[in-house]
Amino acid sequence: PYAALSFLLFFRALVRPSRASIALALLACAVAPLVRGQLAVLVGVLVLAASLFFLTGPRGRSWIAAWTWRDWLGAVVLASGALVLFSAVAGYVSDSWLIATGHYRGRMLEYGLWAAGALAIGVGVLPALAPLATLVPARVEEPSPERRAFRSLLIAAIVAFGAYTAVKAAYLSTVFATRIEERNLIYLIPLLFLATALWMERLQARLLPTLAAAGFVAYLLVSTPLALDNVPYADALGLSIAQMANRNLAFDENAVQWALLAALGASVGLLLAGRALFSRPRAARALAALVGVLVLAWNLAGEVSAAKYSADAGRRIVRNFPRPLGWLDAITGGEPALYLGQNIDSGSALGVWLTEFWNLSLRKVWSLDGTARGPGPILTPDLAALDGRLYPDPGVRYVVVEPGIELDGVVVARPPRSGRWTVYRLRGPLRLAEARTGIYADGWTGAESAYNRYATPGGRPGYVVVDVSRAAWRGPDKPGLVTVRLGTLVKGEDKQPHLGQVTAARRFVIHSGSFRQLVLPTPRPPFRVEVRIAPTFSPADYPGSSDRRQLGAQVGFRFATERPRTRS
């Protein structure tokens, strides 16, 4: 909506320039980044649209007509210098621009066209074809500053948002994943529908521009991945109607592409039919009405499909979530609560976000290892004292913890279905009893993991049982040297727990499919156990797995007051 409002203000500033209209257009540009960061692109849209509007107007054309070859050469040099300067400045302020334009221009073109293809599919093909076909004015069209301003605005928006999308998609492919980034092009939709409406007003489009536009749109339709196995595709919901054809009509990818090309052929036919019906008002109105119905039906089908797939995905996500969804509010009675976790990866973060969304009592999200994720403020508390007290103290009575964290408090609930969380009611300040760090939710570790114990029954020493296992990995063997060290726990300069005086150490080699258990005597608390494994291995390096983590072993810790029997 804000982009559409900005386009309207830009249009008014071009057609009816005045202090007020120009000020409103500039204000829209200034506010745009505050609405959404990527809307800073609107500044480029306004500058480019104003330039095109002037150059295609009477004064601009007469000025250009007087140019000599030297003037043309100078203009080319100046334009090239301006582009180089813009790219240098953009690269200075944006890593995305620097990396994408400097190293991945091929990806920019390919992934940018993917986004355009998804947009063309989403809006119904014809609203993508008609604007391109009518960029060249029809012969019967009388010169109009309004139409010239709209075309300038449409071209500027396509160029600016197209470049932004191409850069964003190429950059994401280097730091995250290869995605179809239609969501960064959706701001063009109001202009595409307006351009289609302008064509429907007169039903005029030149033959050669129409065929050229059809060829381009055909390339988009056949080259864009349809993501039929990834529903809903959150970054490109325009693909939902293609996915609906796959699921509801049993179309495979080839059949879907042929259906899209058939829609393109029908769109070309409608555009060319308008030329023939221009002199027959009743038939022309019937054709315009038919186009309107078809476009609305296509968009409604895509919208309903996207909504259904999103709702289905939401139901799957909460299927294993504790009930009622406001379970934490029910436990705390609305009192503020803290979430204290560790190794919060993307999968774990989803559960935290759902808990935050459905429970107003969850006010703070912290982690012991710096993995807590926003939105909202996050924090990694410091070790305030060797008895496990943490700083700052949030001043809450209820704390939700991840596996591997035990607090000095009373366990009041373990929510069903989650199999993961424990809710404590504190008896005093926020204080750890023990904590395991560096362990993923499935028990695997990377190169390092640790076990911190701050209190034992009666403050007495005992034994720590350390399990190190690769029994769950039956792939090729990549032996890892395991170093286990146990000793006193000290607070480092970073105010985090560290290993002090070492009282016991073991070294051995772990192999694929093997298991090793150690029993080590401990000093009085607090004490710390560190496990380091080198080298690690990645399952994705071998056939049959897509897990790209660097793994050491599955490591477990537990404390016992009496020496337990070891098992091998």
# chains A, B, ... in the order shown; residues from 1 in each chain; ligands from 1
call {"tool": "residues_around", "arguments": {"residues": "Glu402 of chain A", "least_positions_apart": "5", "cutoff": "9 Å", "atoms": "only C-alpha atoms", "output": "number ranges by chain"}}
result
A: 339-342, 420-422
call {"tool": "write_last_selection", "arguments": {"atoms": "C-alpha atoms", "output": "short mmCIF file (atom, residue, chain, number, x, y, z; two decimals), in the first residue's frame"}}
result
data_model
loop_
_atom_site.label_atom_id
_atom_site.label_comp_id
_atom_site.auth_asym_id
_atom_site.auth_seq_id
_atom_site.Cartn_x
_atom_site.Cartn_y
_atom_site.Cartn_z
CA TYR A 339 13.07 -18.17 28.26
CA LEU A 340 16.63 -19.44 28.84
CA GLY A 341 17.98 -21.64 26.06
CA GLN A 342 21.08 -22.80 24.23
CA ARG A 420 11.73 -30.33 25.33
CA TRP A 421 10.95 -27.63 27.87
CA THR A 422 10.89 -27.45 31.65
#
call {"tool": "residues_around", "arguments": {"residues": "Phe7 of chain A", "least_positions_apart": "6", "cutoff": "10 Å", "atoms": "only C-alpha atoms", "output": "list in words"}}
result
Pro1, Ala13, Ala25, Ala28, Leu42, Val45, Leu46, Phe150, Leu153, Leu154, Ala157, Tyr187, Leu188, Pro190 and Leu191 of chain A
call {"tool": "residues_around", "arguments": {"residues": "Phe321 of chain A", "least_positions_apart": "5", "cutoff": "12 Å", "atoms": "only C-alpha atoms", "output": "PDB file with N, CA and C atoms, in the first residue's frame"}}
result
ATOM      1  N   GLY A 314       0.636 -23.869   8.869  1.00  0.00           N
ATOM      2  CA  GLY A 314       0.492 -23.442  10.259  1.00  0.00           C
ATOM      3  C   GLY A 314      -0.043 -24.551  11.147  1.00  0.00           C
ATOM      4  N   ARG A 315      -1.010 -25.308  10.630  1.00  0.00           N
ATOM      5  CA  ARG A 315      -1.567 -26.419  11.419  1.00  0.00           C
ATOM      6  C   ARG A 315      -0.508 -27.497  11.657  1.00  0.00           C
ATOM      7  N   ARG A 316       0.316 -27.751  10.646  1.00  0.00           N
ATOM      8  CA  ARG A 316       1.371 -28.758  10.825  1.00  0.00           C
ATOM      9  C   ARG A 316       2.378 -28.295  11.873  1.00  0.00           C
ATOM     10  N   GLY A 326      -1.809 -21.237  24.721  1.00  0.00           N
ATOM     11  CA  GLY A 326      -1.363 -20.316  25.762  1.00  0.00           C
ATOM     12  C   GLY A 326      -0.968 -21.035  27.034  1.00  0.00           C
ATOM     13  N   TRP A 327      -0.260 -22.168  26.888  1.00  0.00           N
ATOM     14  CA  TRP A 327       0.067 -23.027  28.025  1.00  0.00           C
ATOM     15  C   TRP A 327       0.897 -22.313  29.084  1.00  0.00           C
ATOM     16  N   LEU A 328       1.820 -21.449  28.657  1.00  0.00           N
ATOM     17  CA  LEU A 328       2.683 -20.794  29.637  1.00  0.00           C
ATOM     18  C   LEU A 328       1.898 -19.756  30.448  1.00  0.00           C
ATOM     19  N   LEU A 350      11.768 -21.692  16.036  1.00  0.00           N
ATOM     20  CA  LEU A 350      10.348 -21.673  15.693  1.00  0.00           C
ATOM     21  C   LEU A 350       9.486 -21.949  16.919  1.00  0.00           C
ATOM     22  N   GLY A 351       9.911 -22.917  17.749  1.00  0.00           N
ATOM     23  CA  GLY A 351       9.158 -23.190  18.960  1.00  0.00           C
ATOM     24  C   GLY A 351       9.162 -22.016  19.921  1.00  0.00           C
ATOM     25  N   VAL A 352      10.299 -21.314  19.999  1.00  0.00           N
ATOM     26  CA  VAL A 352      10.373 -20.131  20.860  1.00  0.00           C
ATOM     27  C   VAL A 352       9.437 -19.047  20.343  1.00  0.00           C
ATOM     28  N   TRP A 353       9.446 -18.827  19.032  1.00  0.00           N
ATOM     29  CA  TRP A 353       8.580 -17.787  18.453  1.00  0.00           C
ATOM     30  C   TRP A 353       7.103 -18.102  18.682  1.00  0.00           C
ATOM     31  N   LEU A 354       6.735 -19.379  18.522  1.00  0.00           N
ATOM     32  CA  LEU A 354       5.337 -19.753  18.762  1.00  0.00           C
ATOM     33  C   LEU A 354       4.963 -19.507  20.218  1.00  0.00           C
ATOM     34  N   THR A 355       5.874 -19.852  21.131  1.00  0.00           N
ATOM     35  CA  THR A 355       5.595 -19.621  22.549  1.00  0.00           C
ATOM     36  C   THR A 355       5.439 -18.135  22.824  1.00  0.00           C
ATOM     37  N   TRP A 358       1.905 -16.887  21.361  1.00  0.00           N
ATOM     38  CA  TRP A 358       0.673 -17.294  22.020  1.00  0.00           C
ATOM     39  C   TRP A 358       0.652 -16.993  23.513  1.00  0.00           C
ATOM     40  N   PRO A 415       5.732 -29.196  29.757  1.00  0.00           N
ATOM     41  CA  PRO A 415       4.600 -29.181  28.814  1.00  0.00           C
ATOM     42  C   PRO A 415       4.571 -30.428  27.947  1.00  0.00           C
ATOM     43  N   PRO A 416       3.408 -31.070  27.834  1.00  0.00           N
ATOM     44  CA  PRO A 416       3.309 -32.249  26.969  1.00  0.00           C
ATOM     45  C   PRO A 416       3.500 -31.850  25.514  1.00  0.00           C
ATOM     46  N   ARG A 417       3.799 -32.844  24.700  1.00  0.00           N
ATOM     47  CA  ARG A 417       3.995 -32.711  23.253  1.00  0.00           C
ATOM     48  C   ARG A 417       5.320 -32.080  22.880  1.00  0.00           C
ATOM     49  N   SER A 418       5.811 -31.129  23.677  1.00  0.00           N
ATOM     50  CA  SER A 418       7.064 -30.491  23.291  1.00  0.00           C
ATOM     51  C   SER A 418       8.240 -31.442  23.501  1.00  0.00           C
ATOM     52  N   GLY A 419       8.211 -32.225  24.596  1.00  0.00           N
ATOM     53  CA  GLY A 419       9.305 -33.114  24.914  1.00  0.00           C
ATOM     54  C   GLY A 419      10.620 -32.387  25.074  1.00  0.00           C
ATOM     55  N   ARG A 420      10.544 -31.149  25.436  1.00  0.00           N
ATOM     56  CA  ARG A 420      11.734 -30.327  25.334  1.00  0.00           C
ATOM     57  C   ARG A 420      11.898 -29.348  26.487  1.00  0.00           C
ATOM     58  N   TRP A 421      10.831 -28.745  26.945  1.00  0.00           N
ATOM     59  CA  TRP A 421      10.948 -27.629  27.869  1.00  0.00           C
ATOM     60  C   TRP A 421      10.606 -28.051  29.301  1.00  0.00           C
TER      61      TRP A 421
END
call {"tool": "residues_around", "arguments": {"residues": "Ser512 of chain A", "least_positions_apart": "4", "cutoff": "8 Å", "atoms": "only C-alpha atoms", "output": "PyMOL selection string"}}
result
chain A and resi 470-471+473-479
call {"tool": "residues_around", "arguments": {"residues": "Ile99 of chain A", "least_positions_apart": "3", "cutoff": "12 Å", "atoms": "only C-alpha atoms", "output": "PyMOL selection string"}}
result
chain A and resi 87-88+90-96+102-105+107-108+166-175
call {"tool": "write_last_selection", "arguments": {"atoms": "N, CA and C atoms", "output": "tab-separated table (two decimals), in the first residue's frame"}}
result
chain	number	residue	atom	x	y	z
A	87	SER	N	27.57	2.62	-8.56
A	87	SER	CA	27.91	1.27	-8.14
A	87	SER	C	28.95	1.29	-7.02
A	88	ALA	N	29.91	2.22	-7.11
A	88	ALA	CA	30.93	2.31	-6.06
A	88	ALA	C	30.31	2.74	-4.73
A	90	ALA	N	27.09	2.45	-3.86
A	90	ALA	CA	26.20	1.39	-3.40
A	90	ALA	C	26.99	0.23	-2.80
A	91	GLY	N	28.13	-0.10	-3.41
A	91	GLY	CA	28.97	-1.17	-2.88
A	91	GLY	C	29.58	-0.81	-1.54
A	92	TYR	N	29.82	0.49	-1.33
A	92	TYR	CA	30.40	0.95	-0.06
A	92	TYR	C	29.40	0.82	1.08
A	93	VAL	N	28.13	1.10	0.80
A	93	VAL	CA	27.12	1.08	1.87
A	93	VAL	C	26.38	-0.24	1.94
A	94	SER	N	26.52	-1.11	0.93
A	94	SER	CA	25.76	-2.36	0.90
A	94	SER	C	26.66	-3.52	0.51
A	95	ASP	N	26.84	-4.46	1.44
A	95	ASP	CA	27.59	-5.67	1.12
A	95	ASP	C	26.87	-6.50	0.05
A	96	SER	N	25.54	-6.49	0.09
A	96	SER	CA	24.78	-7.25	-0.90
A	96	SER	C	25.13	-6.79	-2.31
A	102	GLY	N	29.78	-7.63	-7.97
A	102	GLY	CA	31.20	-7.86	-8.17
A	102	GLY	C	31.55	-9.28	-8.57
A	103	HIS	N	30.74	-10.26	-8.11
A	103	HIS	CA	31.14	-11.65	-8.31
A	103	HIS	C	30.04	-12.54	-8.89
A	104	TYR	N	28.80	-12.12	-8.85
A	104	TYR	CA	27.71	-13.03	-9.21
A	104	TYR	C	26.71	-12.38	-10.16
A	105	ARG	N	27.20	-11.71	-11.19
A	105	ARG	CA	26.29	-11.05	-12.13
A	105	ARG	C	25.44	-12.07	-12.89
A	107	ARG	N	24.28	-14.89	-11.67
A	107	ARG	CA	23.19	-15.25	-10.76
A	107	ARG	C	22.15	-14.12	-10.68
A	108	MET	N	22.62	-12.89	-10.70
A	108	MET	CA	21.68	-11.77	-10.66
A	108	MET	C	20.67	-11.88	-11.80
A	166	ALA	N	17.26	-8.74	-8.12
A	166	ALA	CA	18.36	-9.54	-8.65
A	166	ALA	C	19.55	-9.55	-7.70
A	167	VAL	N	19.88	-8.37	-7.15
A	167	VAL	CA	20.99	-8.28	-6.19
A	167	VAL	C	20.68	-9.08	-4.94
A	168	LYS	N	19.47	-8.92	-4.42
A	168	LYS	CA	19.09	-9.62	-3.19
A	168	LYS	C	19.13	-11.13	-3.37
A	169	ALA	N	18.59	-11.63	-4.49
A	169	ALA	CA	18.55	-13.07	-4.72
A	169	ALA	C	19.95	-13.63	-4.89
A	170	ALA	N	20.82	-12.92	-5.63
A	170	ALA	CA	22.19	-13.40	-5.82
A	170	ALA	C	22.95	-13.41	-4.50
A	171	TYR	N	22.77	-12.37	-3.69
A	171	TYR	CA	23.46	-12.30	-2.41
A	171	TYR	C	22.97	-13.41	-1.46
A	172	LEU	N	21.67	-13.63	-1.39
A	172	LEU	CA	21.14	-14.67	-0.52
A	172	LEU	C	21.68	-16.05	-0.90
A	173	SER	N	21.93	-16.26	-2.19
A	173	SER	CA	22.45	-17.56	-2.62
A	173	SER	C	23.84	-17.82	-2.07
A	174	THR	N	24.55	-16.78	-1.65
A	174	THR	CA	25.91	-16.95	-1.12
A	174	THR	C	25.93	-17.09	0.40
A	175	VAL	N	24.89	-16.59	1.09
A	175	VAL	CA	24.92	-16.62	2.55
A	175	VAL	C	23.78	-17.45	3.16
call {"tool": "residues_around", "arguments": {"residues": "Pro392 of chain A", "least_positions_apart": "6", "cutoff": "10 Å", "atoms": "only C-alpha atoms", "output": "ChimeraX atom specification"}}
result
/A:379-384,429-430
call {"tool": "atom_distance", "arguments": {"atom1": "atom CA of Gly500 of chain A", "atom2": "atom CA of Gln517 of chain A"}}
result
23.4 Å
call {"tool": "atom_distance", "arguments": {"atom1": "atom CA of Pro131 of chain A", "atom2": "atom CA of Trp199 of chain A"}}
result
7.9 Å
call {"tool": "closest_residue", "arguments": {"among": "A:Glu406, A:Glu142, A:Glu181, A:Asp393", "to": "Gly428 of chain A", "atoms": "only C-alpha atoms"}}
result
A:Asp393
call {"tool": "select_by_dssp", "arguments": {"residues": "segment 82-198 of chain A", "states": "helix (DSSP H, G or I)", "output": "ChimeraX atom specification"}}
result
/A:82-93,95-103,105-123,126-133,145-175,182-184,186-198
call {"tool": "atom_distance", "arguments": {"atom1": "atom CA of Ala128 of chain A", "atom2": "atom CA of Ser267 of chain A"}}
result
9.9 Å
call {"tool": "residues_around", "arguments": {"residues": "Leu486 of chain A", "least_positions_apart": "5", "cutoff": "10 Å", "atoms": "only C-alpha atoms", "output": "list in words"}}
result
Ala450, Tyr451, Asn452, Val464, Leu499, Gly500, Gln501, Val502, Thr503, Ala504, Ala505, Arg506, Leu520, Pro521, Thr522, Pro523, Phe527, Arg528, Val529, Glu530 and Val531 of chain A
